[in-house]
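K.L.:
Dumping the structure here so I can ask a few things about it.
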Amino acid sequence: MEIKLLYYLVPSLIMFCCGLYGFLTRKNMIAMLISLELMLNAVDINFTVINRYIFPDSKEGMIFTLFAIAIAAAETALAIAIIINLYRVTKKVETDEASQLKG
Amino acid sequence: MEIMYTIVALAIIIFSILTVTTRKILRSATYLLFTLFAAAIIYFMMDYEFLGGVQIAVYAGGIVVLFVFSILLTTSPGSNSEKLTNRRVWWGILAAVCTAGVTGWALLSRCAEIFATKPAMADYTMQDLGEDMLSTGHGGYLLPFEAISVLLLACIIGAVAVARKR
């Protein structure tokens, strides 16, 4: 059995849809951030796999994934700093509790 | 290779579903860790060893630890998250299934048979990668490299400034 391009795209599609579901249903901000990471990773897998299968002589998809991982790390660190600061003010991390700009 | 692929694909599917359905948030972070490891194995299978290493070091080593720290700081351990209302769940399932249906139909009807074999790749060594990152010529990535270092610096300063105790 030869492993086709499609066989890698289907798990990553399911991963993306799980992230979408989690992002829409969860109320805890950290759980939403975890779902966001799932979606970002699914896109990274797509970039890499398509680069490898369709353009094996170039490297743009791989380099793009490298930069995407670095930006995702920066974004997560900043988001967690904001969430912890919000927790210090309101003692909650749920989205519907944080309805005021000034705590 | 086929056995490896089957294990990784099943791990990605099962653990990403568990990540969003479990009610304990610490477990959710643990399942996310397994999903990220499976993604790293896919990078290794694609012969991008450096990318797999970066995935393990940055995601599994950095981001998941950040998640665990912030979960332990903000929620009491062992507590379940609030039970979801039915309406919210149905909207979420509707959005996810619609996305999966449309995209899956497009994938299956357009590229089910093309690109069936993995082509051979020219060996792309660490030295080539380092020279590409620091070259200004064609196929060089010096500008994004510098931009991302400034972004990381700004992010570190911003995170410290936001989370600092007043």
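Chain labels run A, B, ... following the order of the structure tokens; each chain numbers its residues from 1, and ligands are numbered from 1 in the order shown.
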Using DSSP secondary structure from the backbone, list all alpha helix (DSSP H) positions within range 18-163 of chain B, as number ranges by chain.

P.N.:
B: 18-21, 25-45, 49-54, 64-74, 86-110, 126-133, 142-163

K.L.:
Please determine the contact residues of chain A with respect to chain B at a cut-off of 7 Å, counting only C-alpha atoms, and supply them as a ChimeraX atom specification.

P.N.:
/A:2-6,11,13-15,17-18,20-22,24-25,31,35,45,49,52-53,56-57,66,73-74,77-78,80-82,84-85,87

K.L.:
Take the residues just selected and output them with N, CA and C atoms as a compact mmCIF listing (two decimals), in the first residue's frame.

P.N.:
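Written file, again_32.txt:
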```txt
# COMPACT_ATOMS: atom_id res chain seq x y z
N GLU A 2 0.59 2.10 -0.94
CA GLU A 2 1.33 3.37 -1.00
C GLU A 2 0.57 4.42 -0.21
N ILE A 3 1.28 5.22 0.58
CA ILE A 3 0.61 6.26 1.38
C ILE A 3 0.47 7.50 0.51
N LYS A 4 -0.78 7.85 0.22
CA LYS A 4 -1.02 9.00 -0.66
C LYS A 4 -1.02 10.30 0.13
N LEU A 5 -1.02 11.40 -0.63
CA LEU A 5 -1.11 12.72 0.00
C LEU A 5 -2.39 12.86 0.81
N LEU A 6 -3.48 12.31 0.26
CA LEU A 6 -4.79 12.43 0.91
C LEU A 6 -4.79 11.83 2.30
N PRO A 11 -6.46 13.10 8.52
CA PRO A 11 -6.29 13.31 9.96
C PRO A 11 -6.14 14.77 10.33
N LEU A 13 -7.42 17.28 8.78
CA LEU A 13 -8.75 17.91 8.68
C LEU A 13 -9.57 17.63 9.93
N ILE A 14 -9.52 16.37 10.41
CA ILE A 14 -10.27 16.02 11.63
C ILE A 14 -9.74 16.80 12.82
N MET A 15 -8.41 16.95 12.88
CA MET A 15 -7.79 17.72 13.96
C MET A 15 -8.28 19.17 13.93
N CYS A 17 -11.10 20.29 12.69
CA CYS A 17 -12.51 20.40 13.05
C CYS A 17 -12.70 20.21 14.56
N CYS A 18 -11.87 19.35 15.19
CA CYS A 18 -11.92 19.23 16.64
C CYS A 18 -11.56 20.57 17.28
N LEU A 20 -11.94 23.50 15.99
CA LEU A 20 -13.06 24.42 15.75
C LEU A 20 -14.18 24.19 16.76
N TYR A 21 -14.52 22.90 16.96
CA TYR A 21 -15.58 22.55 17.91
C TYR A 21 -15.22 23.03 19.31
N GLY A 22 -13.96 22.76 19.73
CA GLY A 22 -13.55 23.17 21.07
C GLY A 22 -13.56 24.68 21.23
N LEU A 24 -15.45 26.81 19.76
CA LEU A 24 -16.80 27.37 19.80
C LEU A 24 -17.53 26.99 21.08
N THR A 25 -17.23 25.81 21.68
CA THR A 25 -18.05 25.36 22.80
C THR A 25 -17.43 25.65 24.16
N ALA A 31 -8.81 26.51 27.83
CA ALA A 31 -9.29 25.45 26.94
C ALA A 31 -9.47 25.96 25.53
N SER A 35 -7.59 24.59 22.07
CA SER A 35 -8.23 24.29 20.79
C SER A 35 -7.59 25.06 19.65
N ILE A 45 0.75 20.90 9.68
CA ILE A 45 0.92 19.58 9.06
C ILE A 45 0.60 19.67 7.57
N VAL A 49 3.23 18.61 4.62
CA VAL A 49 2.95 17.43 3.80
C VAL A 49 2.80 17.83 2.33
N ARG A 52 6.16 18.52 0.85
CA ARG A 52 6.94 17.31 0.61
C ARG A 52 6.44 16.54 -0.60
N TYR A 53 5.12 16.47 -0.78
CA TYR A 53 4.57 15.63 -1.86
C TYR A 53 4.58 16.34 -3.20
N PRO A 56 8.87 18.63 -3.88
CA PRO A 56 9.92 18.07 -3.03
C PRO A 56 11.26 18.80 -3.16
N ASP A 57 11.43 19.60 -4.23
CA ASP A 57 12.73 20.25 -4.40
C ASP A 57 12.81 21.62 -3.76
N LEU A 66 8.17 26.47 10.20
CA LEU A 66 9.14 26.85 11.24
C LEU A 66 8.78 28.21 11.82
N ALA A 73 4.29 30.18 19.45
CA ALA A 73 4.85 30.18 20.80
C ALA A 73 4.75 31.57 21.42
N ALA A 74 5.09 32.60 20.63
CA ALA A 74 5.02 33.97 21.14
C ALA A 74 3.59 34.33 21.51
N ALA A 77 2.41 32.61 24.76
CA ALA A 77 2.98 33.20 25.97
C ALA A 77 2.26 34.48 26.33
N LEU A 78 1.99 35.32 25.34
CA LEU A 78 1.32 36.59 25.60
C LEU A 78 -0.11 36.36 26.06
N ILE A 80 -1.35 33.78 27.62
CA ILE A 80 -1.39 33.24 28.97
C ILE A 80 -1.06 34.33 29.98
N ALA A 81 -0.16 35.24 29.62
CA ALA A 81 0.09 36.38 30.52
C ALA A 81 -1.17 37.20 30.74
N ILE A 82 -1.91 37.44 29.66
CA ILE A 82 -3.15 38.21 29.79
C ILE A 82 -4.17 37.45 30.63
N ILE A 84 -3.64 35.21 33.00
CA ILE A 84 -3.26 35.19 34.42
C ILE A 84 -3.51 36.55 35.05
N ASN A 85 -3.25 37.61 34.30
CA ASN A 85 -3.53 38.95 34.82
C ASN A 85 -5.03 39.14 35.05
N TYR A 87 -7.14 36.74 35.69
CA TYR A 87 -7.50 35.91 36.85
C TYR A 87 -7.17 36.64 38.14
```

K.L.:
Do you know which residues are at most 9 Å from Glu60 in chain A counting only C-alpha atoms, after dropping those on the same chain fewer than 4 positions away, and could you put them as a ChimeraX atom specification?

P.N.:
/A:47-48,51,64-65 /B:139
